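Printed here is target_19.cif (mmCIF, C-alpha atoms):
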data_start
#
loop_
_atom_site.label_atom_id
_atom_site.label_comp_id
_atom_site.auth_asym_id
_atom_site.auth_seq_id
_atom_site.Cartn_x
_atom_site.Cartn_y
_atom_site.Cartn_z
CA MET A 1 0.00 0.00 0.00
CA THR A 2 2.87 2.42 0.77
CA GLN A 3 4.32 1.89 -2.70
CA TYR A 4 0.86 2.43 -4.22
CA LEU A 5 0.57 5.73 -2.37
CA LEU A 6 3.94 6.80 -3.74
CA PHE A 7 2.88 6.27 -7.36
CA VAL A 8 -0.49 7.91 -6.74
CA SER A 9 1.22 10.94 -5.17
CA ILE A 10 3.57 11.27 -8.14
CA ALA A 11 0.61 11.18 -10.54
CA PHE A 12 -1.14 13.90 -8.53
CA ILE A 13 1.94 16.16 -8.44
CA LEU A 14 2.75 15.71 -12.13
CA SER A 15 -0.82 16.49 -13.17
CA ALA A 16 -0.97 19.55 -10.92
CA ALA A 17 2.29 20.80 -12.43
CA CYS A 18 0.86 20.29 -15.94
CA GLY A 19 -2.21 22.27 -14.94
CA PHE A 20 -0.18 25.21 -13.68
CA VAL A 21 1.63 25.24 -17.03
CA PHE A 22 -1.30 24.58 -19.38
CA ILE A 23 -4.02 26.75 -17.85
CA PRO A 24 -2.18 30.12 -18.13
CA LEU A 25 -1.38 29.22 -21.75
CA ILE A 26 -5.07 28.49 -22.37
CA MET A 27 -6.08 31.82 -20.82
CA ASN A 28 -3.67 33.66 -23.11
CA PHE A 29 -5.03 31.74 -26.11
CA CYS A 30 -8.61 32.65 -25.15
CA LYS A 31 -7.65 36.32 -24.89
CA GLU A 32 -5.94 36.21 -28.29
CA LYS A 33 -8.91 34.49 -30.00
CA GLY A 34 -11.66 36.21 -28.03
CA LEU A 35 -13.02 32.94 -26.59
CA TYR A 36 -15.01 34.08 -23.59
CA ASP A 37 -18.08 33.04 -21.62
CA ILE A 38 -20.29 36.10 -22.08
CA PRO A 39 -22.52 37.02 -19.10
CA ASP A 40 -26.30 37.08 -19.57
CA SER A 41 -29.44 37.23 -17.40
CA ARG A 42 -29.10 33.55 -16.39
CA LYS A 43 -25.40 33.64 -15.44
CA ILE A 44 -23.92 34.92 -12.22
CA HIS A 45 -20.64 36.40 -13.47
CA LYS A 46 -20.71 40.01 -14.73
CA THR A 47 -17.61 40.10 -16.94
CA ALA A 48 -16.43 37.99 -19.90
CA ILE A 49 -14.32 35.04 -18.69
CA PRO A 50 -12.21 32.53 -20.71
CA ARG A 51 -14.16 29.27 -20.92
CA LEU A 52 -11.67 26.62 -22.02
CA GLY A 53 -10.11 25.57 -18.71
CA GLY A 54 -11.41 22.03 -19.10
CA ILE A 55 -9.15 21.50 -22.11
CA SER A 56 -6.31 20.98 -19.65
CA PHE A 57 -8.02 18.14 -17.77
CA LEU A 58 -7.57 15.20 -20.13
CA PRO A 59 -4.01 15.95 -21.34
CA SER A 60 -2.77 16.55 -17.79
CA MET A 61 -4.42 13.40 -16.47
CA LEU A 62 -3.17 11.20 -19.31
CA LEU A 63 0.36 12.61 -19.34
CA ALA A 64 0.77 12.11 -15.59
CA SER A 65 -0.80 8.63 -15.76
CA ILE A 66 1.38 7.45 -18.65
CA ILE A 67 4.57 8.60 -16.93
CA VAL A 68 3.62 7.00 -13.60
CA VAL A 69 2.48 3.74 -15.20
CA ALA A 70 5.83 3.57 -17.02
CA LEU A 71 7.65 4.14 -13.72
CA HIS A 72 5.52 1.47 -12.05
CA ASN A 73 6.13 -1.10 -14.78
CA ASN A 74 9.87 -0.41 -14.73
CA HIS A 75 9.93 -0.83 -10.94
CA PHE A 76 7.71 -3.93 -10.77
CA LEU A 77 9.00 -6.15 -13.56
CA GLY A 78 6.65 -9.06 -14.03
CA HIS A 79 3.74 -7.14 -12.46
CA GLU A 80 3.20 -4.54 -15.18
CA ILE A 81 0.00 -2.55 -15.58
CA THR A 82 -1.62 -3.44 -18.91
CA LEU A 83 -4.64 -2.15 -20.82
CA SER A 84 -7.79 -4.25 -20.54
CA THR A 85 -10.69 -4.28 -22.99
CA TRP A 86 -12.61 -2.11 -20.54
CA SER A 87 -9.78 0.41 -20.46
CA ILE A 88 -9.66 0.70 -24.25
CA GLY A 89 -13.43 1.19 -24.39
CA PHE A 90 -13.24 3.80 -21.65
CA PHE A 91 -10.54 5.84 -23.40
CA VAL A 92 -12.37 5.77 -26.74
CA SER A 93 -15.58 6.89 -25.00
CA LEU A 94 -13.70 9.57 -23.08
CA LEU A 95 -12.20 10.96 -26.28
CA ILE A 96 -15.70 11.22 -27.78
CA ILE A 97 -16.98 13.15 -24.75
CA TYR A 98 -13.89 15.37 -24.59
CA GLY A 99 -14.14 16.12 -28.31
CA VAL A 100 -17.83 16.99 -28.11
CA GLY A 101 -17.21 19.30 -25.15
CA LEU A 102 -14.32 20.98 -26.93
CA VAL A 103 -16.35 21.59 -30.10
CA ASP A 104 -19.22 22.95 -28.01
CA ASP A 105 -16.89 25.36 -26.21
CA LEU A 106 -15.36 26.57 -29.49
CA VAL A 107 -18.33 26.81 -31.87
CA GLY A 108 -21.36 25.59 -29.95
CA LEU A 109 -23.50 22.44 -30.27
CA ASP A 110 -27.20 21.92 -29.68
CA ALA A 111 -28.37 19.85 -26.72
CA LYS A 112 -29.62 17.01 -28.96
CA THR A 113 -26.18 16.50 -30.55
CA LYS A 114 -24.42 16.48 -27.19
CA PHE A 115 -26.97 14.10 -25.69
CA THR A 116 -26.64 11.70 -28.64
CA ALA A 117 -22.84 11.72 -28.33
CA GLN A 118 -23.11 10.97 -24.60
CA ILE A 119 -25.34 7.96 -25.26
CA ILE A 120 -22.98 6.62 -27.94
CA ALA A 121 -19.97 7.02 -25.65
CA ALA A 122 -21.79 5.37 -22.74
CA LEU A 123 -22.93 2.47 -24.95
CA LEU A 124 -19.34 1.50 -25.67
CA LEU A 125 -18.74 0.49 -22.04
CA PRO A 126 -21.40 -2.24 -21.71
CA MET A 127 -20.45 -3.39 -25.20
CA MET A 128 -16.97 -3.98 -23.79
CA GLY A 129 -18.42 -5.93 -20.87
CA LEU A 130 -18.54 -3.20 -18.22
CA TYR A 131 -21.99 -2.72 -16.71
CA VAL A 132 -23.84 -2.65 -13.40
CA ASN A 133 -24.60 -6.26 -12.48
CA ASN A 134 -25.45 -6.04 -8.78
CA LEU A 135 -27.49 -3.59 -6.66
CA TYR A 136 -26.12 -5.03 -3.39
CA GLY A 137 -29.53 -5.33 -1.75
CA PHE A 138 -30.94 -1.91 -2.71
CA LEU A 139 -34.74 -2.33 -2.82
CA GLY A 140 -34.11 -5.99 -2.06
CA ILE A 141 -32.31 -6.50 -5.39
CA HIS A 142 -28.92 -8.16 -5.70
CA GLU A 143 -27.69 -9.67 -8.96
CA ILE A 144 -29.31 -8.31 -12.13
CA PRO A 145 -29.12 -9.68 -15.69
CA SER A 146 -27.21 -7.93 -18.47
CA SER A 147 -30.49 -7.11 -20.22
CA ILE A 148 -31.24 -4.76 -17.35
CA GLY A 149 -27.71 -3.87 -16.28
CA MET A 150 -26.56 -2.65 -19.69
CA PRO A 151 -29.28 -0.03 -20.32
CA LEU A 152 -29.10 0.93 -16.63
CA THR A 153 -25.37 1.56 -17.06
CA VAL A 154 -25.95 3.86 -20.04
CA PHE A 155 -28.59 5.78 -18.09
CA ILE A 156 -26.33 6.14 -15.02
CA ILE A 157 -23.33 7.41 -17.00
CA VAL A 158 -25.35 9.90 -19.07
CA PHE A 159 -27.23 11.06 -15.97
CA ILE A 160 -24.09 11.64 -13.89
CA SER A 161 -22.36 13.36 -16.83
CA ASN A 162 -25.21 15.85 -17.12
CA ALA A 163 -25.51 16.28 -13.36
CA ILE A 164 -21.90 17.47 -13.12
CA ASN A 165 -22.37 19.65 -16.19
CA LEU A 166 -25.57 21.29 -14.96
CA ILE A 167 -24.32 22.07 -11.46
CA ASP A 168 -21.36 24.00 -12.89
CA GLY A 169 -22.92 27.36 -12.06
CA ILE A 170 -20.60 29.14 -9.62
CA ASP A 171 -16.84 29.28 -9.14
CA GLY A 172 -15.37 26.01 -7.92
CA LEU A 173 -18.63 24.09 -7.51
CA SER A 174 -18.44 21.40 -10.20
CA ALA A 175 -14.69 20.96 -9.70
CA GLY A 176 -15.02 21.00 -5.91
CA LEU A 177 -17.77 18.37 -5.81
CA SER A 178 -15.82 16.29 -8.34
CA LEU A 179 -12.67 16.54 -6.22
CA ILE A 180 -14.56 15.26 -3.18
CA ALA A 181 -16.03 12.37 -5.19
CA LEU A 182 -12.68 11.54 -6.78
CA THR A 183 -11.04 11.46 -3.35
CA GLY A 184 -13.63 8.95 -2.23
CA PHE A 185 -13.20 6.82 -5.34
CA LEU A 186 -9.42 6.95 -4.92
CA ILE A 187 -9.73 5.51 -1.40
CA CYS A 188 -12.15 2.86 -2.67
CA PHE A 189 -9.92 1.75 -5.55
CA LEU A 190 -6.82 1.75 -3.34
CA ARG A 191 -8.74 -0.50 -0.94
CA GLU A 192 -9.21 -2.97 -3.79
CA GLY A 193 -5.55 -2.71 -4.85
CA LEU A 194 -6.54 -1.41 -8.31
CA ILE A 195 -3.45 0.72 -8.86
CA ALA A 196 -4.09 1.59 -12.53
CA TYR A 197 -7.42 3.26 -11.75
CA SER A 198 -5.95 4.87 -8.63
CA ILE A 199 -3.22 6.48 -10.73
CA LEU A 200 -5.79 7.71 -13.25
CA ILE A 201 -7.97 9.20 -10.51
CA ALA A 202 -4.98 10.91 -8.87
CA GLY A 203 -4.01 12.32 -12.26
CA LEU A 204 -7.43 13.93 -12.64
CA MET A 205 -7.43 15.21 -9.08
CA GLY A 206 -4.07 16.88 -9.61
CA VAL A 207 -5.15 19.14 -12.47
CA LEU A 208 -8.26 20.22 -10.55
CA VAL A 209 -6.06 21.96 -7.98
CA PRO A 210 -4.60 24.59 -10.34
CA PHE A 211 -7.97 24.93 -12.05
CA LEU A 212 -9.67 25.68 -8.73
CA TYR A 213 -6.94 28.19 -7.92
CA PHE A 214 -7.47 30.15 -11.14
CA ASN A 215 -11.24 29.66 -11.16
CA ILE A 216 -11.83 30.84 -7.58
CA TYR A 217 -8.99 33.26 -6.89
CA GLY A 218 -8.00 34.39 -10.38
CA LYS A 219 -8.60 38.03 -11.30
CA ALA A 220 -10.78 38.55 -14.36
CA ASP A 221 -9.36 42.03 -15.03
CA LYS A 222 -5.86 40.52 -15.23
CA ASN A 223 -6.92 37.64 -17.50
CA ARG A 224 -6.14 35.13 -14.77
CA LYS A 225 -9.63 33.73 -14.19
CA ILE A 226 -11.07 30.83 -16.19
CA PHE A 227 -14.12 28.56 -16.42
CA MET A 228 -13.91 24.86 -17.30
CA GLY A 229 -16.56 24.87 -20.03
CA ASP A 230 -18.28 21.75 -21.33
CA SER A 231 -14.94 20.18 -22.25
CA GLY A 232 -14.24 20.11 -18.53
CA SER A 233 -17.63 19.43 -16.94
CA LEU A 234 -18.62 16.70 -19.42
CA THR A 235 -15.21 15.05 -19.05
CA LEU A 236 -15.45 15.13 -15.25
CA GLY A 237 -19.01 13.83 -15.30
CA PHE A 238 -18.24 10.99 -17.70
CA ILE A 239 -15.22 9.86 -15.70
CA LEU A 240 -17.23 9.92 -12.47
CA GLY A 241 -19.99 7.93 -14.16
CA PHE A 242 -17.43 5.40 -15.37
CA LEU A 243 -15.89 5.10 -11.91
CA PHE A 244 -19.34 4.59 -10.38
CA VAL A 245 -20.04 1.68 -12.74
CA LYS A 246 -16.52 0.24 -12.49
CA PHE A 247 -16.56 0.24 -8.69
CA THR A 248 -20.07 -1.16 -8.33
CA MET A 249 -19.71 -3.94 -10.91
CA PHE A 250 -19.08 -7.21 -9.11
CA ASN A 251 -16.18 -9.01 -10.77
CA PRO A 252 -14.72 -11.74 -8.52
CA SER A 253 -11.66 -12.12 -10.77
CA VAL A 254 -10.65 -8.52 -10.00
CA ALA A 255 -11.86 -7.76 -6.47
CA PRO A 256 -13.75 -9.55 -3.67
CA PHE A 257 -17.43 -8.84 -3.02
CA HIS A 258 -18.05 -5.80 -0.80
CA LEU A 259 -21.62 -5.16 0.30
CA ASP A 260 -20.92 -1.45 0.73
CA SER A 261 -19.78 -0.84 -2.87
CA MET A 262 -23.06 0.64 -4.15
CA MET A 263 -23.58 2.71 -0.99
CA LEU A 264 -20.12 4.27 -1.19
CA ALA A 265 -20.35 5.10 -4.89
CA TYR A 266 -23.86 6.55 -4.52
CA SER A 267 -22.93 8.65 -1.47
CA LEU A 268 -20.07 10.36 -3.31
CA LEU A 269 -22.45 11.84 -5.90
CA ILE A 270 -25.55 12.66 -3.86
CA VAL A 271 -25.50 16.46 -4.17
CA PRO A 272 -25.20 16.85 -7.98
CA VAL A 273 -27.59 13.92 -8.62
CA PHE A 274 -30.23 15.03 -6.10
CA ASP A 275 -30.03 18.61 -7.38
CA VAL A 276 -30.76 17.61 -10.98
CA VAL A 277 -33.69 15.46 -9.87
CA ARG A 278 -35.12 18.28 -7.73
CA VAL A 279 -34.80 20.90 -10.48
CA SER A 280 -36.29 18.55 -13.09
CA LEU A 281 -39.29 17.76 -10.88
CA ALA A 282 -39.78 21.47 -10.15
CA ARG A 283 -39.78 22.25 -13.88
CA ILE A 284 -42.37 19.55 -14.52
CA TYR A 285 -44.53 20.87 -11.66
CA HIS A 286 -44.36 24.41 -13.09
CA HIS A 287 -45.03 23.13 -16.64
CA LYS A 288 -41.63 24.13 -17.95
CA PRO A 289 -39.54 22.10 -20.43
CA ILE A 290 -37.35 19.72 -18.45
CA PHE A 291 -34.21 20.77 -20.37
CA SER A 292 -34.89 24.51 -20.12
CA ALA A 293 -32.33 26.82 -18.53
CA ASP A 294 -33.19 28.64 -15.32
CA LYS A 295 -31.75 29.81 -12.00
CA ASN A 296 -33.15 27.19 -9.66
CA HIS A 297 -30.17 25.00 -8.84
CA ILE A 298 -29.02 24.73 -5.24
CA HIS A 299 -26.35 27.43 -5.65
CA HIS A 300 -28.91 29.86 -7.10
CA LYS A 301 -31.25 29.31 -4.15
CA LEU A 302 -28.46 29.75 -1.62
CA MET A 303 -27.35 33.02 -3.18
CA ARG A 304 -30.92 34.31 -3.20
CA THR A 305 -30.82 33.99 0.61
CA GLY A 306 -28.17 36.70 0.61
CA ILE A 307 -24.86 34.83 0.80
CA ASN A 308 -22.07 35.26 -1.76
CA GLN A 309 -20.57 32.75 -4.19
CA HIS A 310 -17.78 31.56 -1.90
CA GLN A 311 -20.19 31.05 1.01
CA ALA A 312 -22.58 29.12 -1.23
CA LEU A 313 -19.68 27.00 -2.49
CA LEU A 314 -18.53 26.18 1.04
CA THR A 315 -22.08 25.35 2.13
CA ILE A 316 -22.62 22.90 -0.75
CA LEU A 317 -19.23 21.22 -0.32
CA LEU A 318 -19.89 20.76 3.41
CA LEU A 319 -23.33 19.38 2.57
CA SER A 320 -21.71 16.80 0.28
CA ILE A 321 -19.23 15.80 2.99
CA PHE A 322 -22.09 15.60 5.49
CA PHE A 323 -24.02 13.12 3.32
CA ILE A 324 -20.93 10.97 2.73
CA THR A 325 -19.99 10.90 6.42
CA THR A 326 -23.54 10.23 7.59
CA ASN A 327 -24.02 7.34 5.17
CA ILE A 328 -20.74 5.71 6.16
CA LEU A 329 -21.60 5.99 9.87
CA LEU A 330 -25.12 4.63 9.42
CA TRP A 331 -24.22 1.91 6.92
CA ASN A 332 -23.67 -0.88 9.46
CA ILE A 333 -26.93 -0.27 11.30
CA ILE A 334 -29.39 0.72 8.55
CA ASP A 335 -30.42 -1.00 5.31
CA MET A 336 -29.30 0.85 2.18
CA SER A 337 -32.88 1.36 0.96
CA ILE A 338 -33.77 3.07 4.24
CA LEU A 339 -30.52 5.04 4.07
CA VAL A 340 -31.53 6.48 0.69
CA VAL A 341 -34.91 7.48 2.12
CA ILE A 342 -33.13 9.25 5.00
CA ASP A 343 -30.91 11.08 2.50
CA ILE A 344 -33.97 12.21 0.55
CA VAL A 345 -35.70 13.42 3.72
CA ILE A 346 -32.59 15.40 4.74
CA TRP A 347 -32.40 16.90 1.24
CA VAL A 348 -36.07 17.90 1.30
CA LEU A 349 -35.76 19.41 4.79
CA PHE A 350 -32.69 21.39 3.72
CA HIS A 351 -34.56 22.88 0.76
CA SER A 352 -37.66 23.47 2.88
CA LEU A 353 -35.48 25.58 5.17
CA LEU A 354 -34.10 27.48 2.17
CA ASP A 355 -37.63 28.04 0.86
CA ARG A 356 -38.72 29.40 4.22
CA ILE A 357 -35.79 31.84 4.28
CA LEU A 358 -36.51 32.95 0.71
CA ARG A 359 -40.18 33.60 1.44
CA LYS A 360 -39.26 35.72 4.49
CA LYS A 361 -36.96 37.75 2.25
CA GLY A 362 -39.64 38.12 -0.40
CA GLN A 363 -37.59 36.09 -2.87
CA ALA A 364 -38.98 33.64 -5.41
CA VAL A 365 -38.62 29.98 -4.42
CA PHE A 366 -38.74 28.96 -8.09
CA LEU A 367 -37.86 31.46 -10.83
CA ILE A 368 -40.32 30.83 -13.62
CA ASN A 369 -38.50 33.19 -15.97
CA PRO A 370 -34.69 32.76 -16.18
CA LYS A 371 -34.42 36.52 -16.83
CA GLU A 372 -35.74 37.23 -13.34
CA THR A 373 -33.01 38.50 -11.08
CA ALA A 374 -31.92 36.81 -7.89
#

Let's see the structure in the file written out as structure tokens.
Amino acid sequence: MTQYLLFVSIAFILSAACGFVFIPLIMNFCKEKGLYDIPDSRKIHKTAIPRLGGISFLPSMLLASIIVVALHNNHFLGHEITLSTWSIGFFVSLLIIYGVGLVDDLVGLDAKTKFTAQIIAALLLPMMGLYVNNLYGFLGIHEIPSSIGMPLTVFIIVFISNAINLIDGIDGLSAGLSLIALTGFLICFLREGLIAYSILIAGLMGVLVPFLYFNIYGKADKNRKIFMGDSGSLTLGFILGFLFVKFTMFNPSVAPFHLDSMMLAYSLLIVPVFDVVRVSLARIYHHKPIFSADKNHIHHKLMRTGINQHQALLTILLLSIFFITTNILLWNIIDMSILVVIDIVIWVLFHSLLDRILRKKGQAVFLINPKETA
């Protein structure tokens, strides 16, 4: 385990170093080409900000991972890390998602095109044999057949990809929630001794550190602030969706059975997933198109209570950590199905409190028109 931690640490440091090199270059490129995220009535920022920060994610992660894997294989002769069929399928799918996000950031793509590309990319994984095949007792269900597991896998990956993309509304939020989830997945994969995936996760975590630095603390007037764009949020979401499926798939030839696998993976992504479900249900209730843009995500509601972006960010990150910690503590004494119900109740109570505060302030609980101000 100590040697694993050494390689993981190297991957993290190398990727972070790449990010501190690549991101300033990207900001200069955006300034030269005029590639900015322009503020409008739906967005929170008031000045034009470079939007291509996510371009740095995949190259930094892959470069760090390749170097560390080479070091590992040179150090452990006879125990080399090799590419599996799943790995090849994952990288092909990831390139599709990254490419779609990049094109969208540069010239723009309609939602239908992006959604179709996400489904195609997600389909490649079950075709390669990677799919959810066990619910570990959730709703009384354990093993499930491939006829159910494969379409469920596509739904999960596309859903998580869009959840991370849609919650990317204030500085540091999507990257911060992803960093928390990736930390959890890193611990989980290290527990299983899956060093290749641990190195990959550490590589992605590393580049998020410089991105968060420039995204949260960078000065827009000095061209040192940047957004991740769809190339970043879709890439993060797809990787998290892949890790969810990879960790929850029971494969006795790779890792022993762990009853807590589904609970751990689910807990790491509660906030972005629950937020998308809540907003979608609210849109249906108010007879709005489910894919319409508005200002009703959790960060919008928090800021309407009067707190600033950084305070909203900290509140949401702490809420994510609270759910993860609570579920881990309750896991040994409560059935997972009941645990999910408890999580939903806590989520509803939290938003009921927000709604009460908003009503006292005379603020709208749900903004019907995205042009309404907060």

> Hey, can you pull every residue with an atom no more than 12 Å from (5.7, 6.5, -7.2), using all atoms listed in the file, and send it as number ranges by chain?
Replying inline: A: 1-14, 64-65, 67-76, 195, 198-199, 202

Based on the selection just made, write C-alpha atoms of those residues as a compact mmCIF listing (two decimals), in the frame of the given file.
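So part.txt came out as:
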# COMPACT_ATOMS: atom_id res chain seq x y z
CA MET A 1 0.00 0.00 0.00
CA THR A 2 2.87 2.42 0.77
CA GLN A 3 4.32 1.89 -2.70
CA TYR A 4 0.86 2.43 -4.22
CA LEU A 5 0.57 5.73 -2.37
CA LEU A 6 3.94 6.80 -3.74
CA PHE A 7 2.88 6.27 -7.36
CA VAL A 8 -0.49 7.91 -6.74
CA SER A 9 1.22 10.94 -5.17
CA ILE A 10 3.57 11.27 -8.14
CA ALA A 11 0.61 11.18 -10.54
CA PHE A 12 -1.14 13.90 -8.53
CA ILE A 13 1.94 16.16 -8.44
CA LEU A 14 2.75 15.71 -12.13
CA ALA A 64 0.77 12.11 -15.59
CA SER A 65 -0.80 8.63 -15.76
CA ILE A 67 4.57 8.60 -16.93
CA VAL A 68 3.62 7.00 -13.60
CA VAL A 69 2.48 3.74 -15.20
CA ALA A 70 5.83 3.57 -17.02
CA LEU A 71 7.65 4.14 -13.72
CA HIS A 72 5.52 1.47 -12.05
CA ASN A 73 6.13 -1.10 -14.78
CA ASN A 74 9.87 -0.41 -14.73
CA HIS A 75 9.93 -0.83 -10.94
CA PHE A 76 7.71 -3.93 -10.77
CA ILE A 195 -3.45 0.72 -8.86
CA SER A 198 -5.95 4.87 -8.63
CA ILE A 199 -3.22 6.48 -10.73
CA ALA A 202 -4.98 10.91 -8.87

Do you know which residues are at most 6 Å from region 236-249 of chain A counting only C-alpha atoms, after dropping those on the same chain fewer than 2 positions away, and could you put them as a compact mmCIF listing (two decimals) with C-alpha atoms, in the frame of the given file?
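out_7.txt was written with the following content:
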# COMPACT_ATOMS: atom_id res chain seq x y z
CA VAL A 132 -23.84 -2.65 -13.40
CA ASN A 133 -24.60 -6.26 -12.48
CA ILE A 157 -23.33 7.41 -17.00
CA ILE A 160 -24.09 11.64 -13.89
CA SER A 161 -22.36 13.36 -16.83
CA ILE A 164 -21.90 17.47 -13.12
CA SER A 233 -17.63 19.43 -16.94
CA LEU A 234 -18.62 16.70 -19.42
CA SER A 261 -19.78 -0.84 -2.87
CA MET A 262 -23.06 0.64 -4.15
CA ALA A 265 -20.35 5.10 -4.89

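Put simply, CA of Ile96 (chain A) is 12.5 Å away from CA of Leu125 (chain A).
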
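All residues of protein, DNA or RNA that reach within 10 Å of Arg224 (chain A), judged by all atoms listed in the file and not counting those fewer than 3 positions away in the chain, are A:Ile23, A:Pro24, A:Met27, A:Asn28, A:Ile49, A:Pro50, A:Tyr213, A:Phe214, A:Asn215, A:Tyr217, A:Gly218, A:Lys219, A:Ala220, A:Asp221.
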
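Closest approach to Ile270 (chain A) among A:Arg283, A:Phe323, A:Ile298, A:Leu317 is made by A:Phe323 (distances from only C-alpha atoms).
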
> the PyMOL selection byres ((chain A and resi 334-348) around 12) on the file shown: which residues, as an NGL selection string?
Replying inline: :A and (135-142 or 259-264 or 266-267 or 269-275 or 277-278 or 298 or 316 or 319-320 or 322-333 or 349-355)

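Taking only C-alpha atoms into account, Ile66 (chain A) lies nearest to A:Leu200 out of the set A:Cys18, A:Ala117, A:Ile180, A:Leu200.
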
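The interatomic distance for the pair CA of His258 (chain A) and CA of Pro145 (chain A) works out to 19.0 Å.
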
> If the PyMOL selection byres ((chain A and resi 99) around 12) is run on the structure shown, which residues does it catch, given as a PyMOL selection string?
Replying inline: chain A and resi 54-55+58+91-98+100-106+109+114+117-118+121+230-232+234-235

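Going from CA of Leu204 (chain A) to CA of Asn165 (chain A) covers 16.4 Å.
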
Can region 15-32 of chain A be brought up to N, CA and C atoms and written out as a PDB file, keeping the file's coordinate frame?
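What ended up in rebuild34.pdb:
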ATOM      1  N   SER A  15       0.361  15.906 -12.551  1.00  0.00           N
ATOM      2  CA  SER A  15      -0.820  16.490 -13.170  1.00  0.00           C
ATOM      3  C   SER A  15      -1.047  17.926 -12.718  1.00  0.00           C
ATOM      4  N   ALA A  16      -0.832  18.185 -11.429  1.00  0.00           N
ATOM      5  CA  ALA A  16      -0.970  19.550 -10.920  1.00  0.00           C
ATOM      6  C   ALA A  16       0.036  20.480 -11.594  1.00  0.00           C
ATOM      7  N   ALA A  17       1.264  20.000 -11.768  1.00  0.00           N
ATOM      8  CA  ALA A  17       2.290  20.800 -12.430  1.00  0.00           C
ATOM      9  C   ALA A  17       1.885  21.087 -13.875  1.00  0.00           C
ATOM     10  N   CYS A  18       1.335  20.088 -14.558  1.00  0.00           N
ATOM     11  CA  CYS A  18       0.860  20.290 -15.940  1.00  0.00           C
ATOM     12  C   CYS A  18      -0.235  21.357 -15.964  1.00  0.00           C
ATOM     13  N   GLY A  19      -1.133  21.299 -14.988  1.00  0.00           N
ATOM     14  CA  GLY A  19      -2.210  22.270 -14.940  1.00  0.00           C
ATOM     15  C   GLY A  19      -1.714  23.692 -14.757  1.00  0.00           C
ATOM     16  N   PHE A  20      -0.727  23.867 -13.893  1.00  0.00           N
ATOM     17  CA  PHE A  20      -0.180  25.210 -13.680  1.00  0.00           C
ATOM     18  C   PHE A  20       0.570  25.735 -14.896  1.00  0.00           C
ATOM     19  N   VAL A  21       0.990  24.832 -15.770  1.00  0.00           N
ATOM     20  CA  VAL A  21       1.630  25.240 -17.030  1.00  0.00           C
ATOM     21  C   VAL A  21       0.591  25.474 -18.110  1.00  0.00           C
ATOM     22  N   PHE A  22      -0.343  24.523 -18.273  1.00  0.00           N
ATOM     23  CA  PHE A  22      -1.300  24.580 -19.380  1.00  0.00           C
ATOM     24  C   PHE A  22      -2.349  25.674 -19.221  1.00  0.00           C
ATOM     25  N   ILE A  23      -2.893  25.842 -18.025  1.00  0.00           N
ATOM     26  CA  ILE A  23      -4.020  26.750 -17.850  1.00  0.00           C
ATOM     27  C   ILE A  23      -3.671  28.208 -18.161  1.00  0.00           C
ATOM     28  N   PRO A  24      -2.529  28.753 -17.706  1.00  0.00           N
ATOM     29  CA  PRO A  24      -2.180  30.120 -18.130  1.00  0.00           C
ATOM     30  C   PRO A  24      -2.025  30.238 -19.644  1.00  0.00           C
ATOM     31  N   LEU A  25      -1.501  29.198 -20.300  1.00  0.00           N
ATOM     32  CA  LEU A  25      -1.380  29.220 -21.750  1.00  0.00           C
ATOM     33  C   LEU A  25      -2.763  29.260 -22.409  1.00  0.00           C
ATOM     34  N   ILE A  26      -3.705  28.508 -21.848  1.00  0.00           N
ATOM     35  CA  ILE A  26      -5.070  28.490 -22.370  1.00  0.00           C
ATOM     36  C   ILE A  26      -5.730  29.858 -22.194  1.00  0.00           C
ATOM     37  N   MET A  27      -5.505  30.501 -21.046  1.00  0.00           N
ATOM     38  CA  MET A  27      -6.080  31.820 -20.820  1.00  0.00           C
ATOM     39  C   MET A  27      -5.544  32.835 -21.813  1.00  0.00           C
ATOM     40  N   ASN A  28      -4.257  32.762 -22.110  1.00  0.00           N
ATOM     41  CA  ASN A  28      -3.670  33.660 -23.110  1.00  0.00           C
ATOM     42  C   ASN A  28      -4.239  33.391 -24.490  1.00  0.00           C
ATOM     43  N   PHE A  29      -4.449  32.118 -24.813  1.00  0.00           N
ATOM     44  CA  PHE A  29      -5.030  31.740 -26.110  1.00  0.00           C
ATOM     45  C   PHE A  29      -6.459  32.278 -26.220  1.00  0.00           C
ATOM     46  N   CYS A  30      -7.239  32.148 -25.145  1.00  0.00           N
ATOM     47  CA  CYS A  30      -8.610  32.650 -25.150  1.00  0.00           C
ATOM     48  C   CYS A  30      -8.648  34.166 -25.361  1.00  0.00           C
ATOM     49  N   LYS A  31      -7.712  34.866 -24.727  1.00  0.00           N
ATOM     50  CA  LYS A  31      -7.650  36.320 -24.890  1.00  0.00           C
ATOM     51  C   LYS A  31      -7.307  36.679 -26.331  1.00  0.00           C
ATOM     52  N   GLU A  32      -6.372  35.944 -26.916  1.00  0.00           N
ATOM     53  CA  GLU A  32      -5.940  36.210 -28.290  1.00  0.00           C
ATOM     54  C   GLU A  32      -7.073  35.950 -29.295  1.00  0.00           C
TER      55      GLU A  32
END
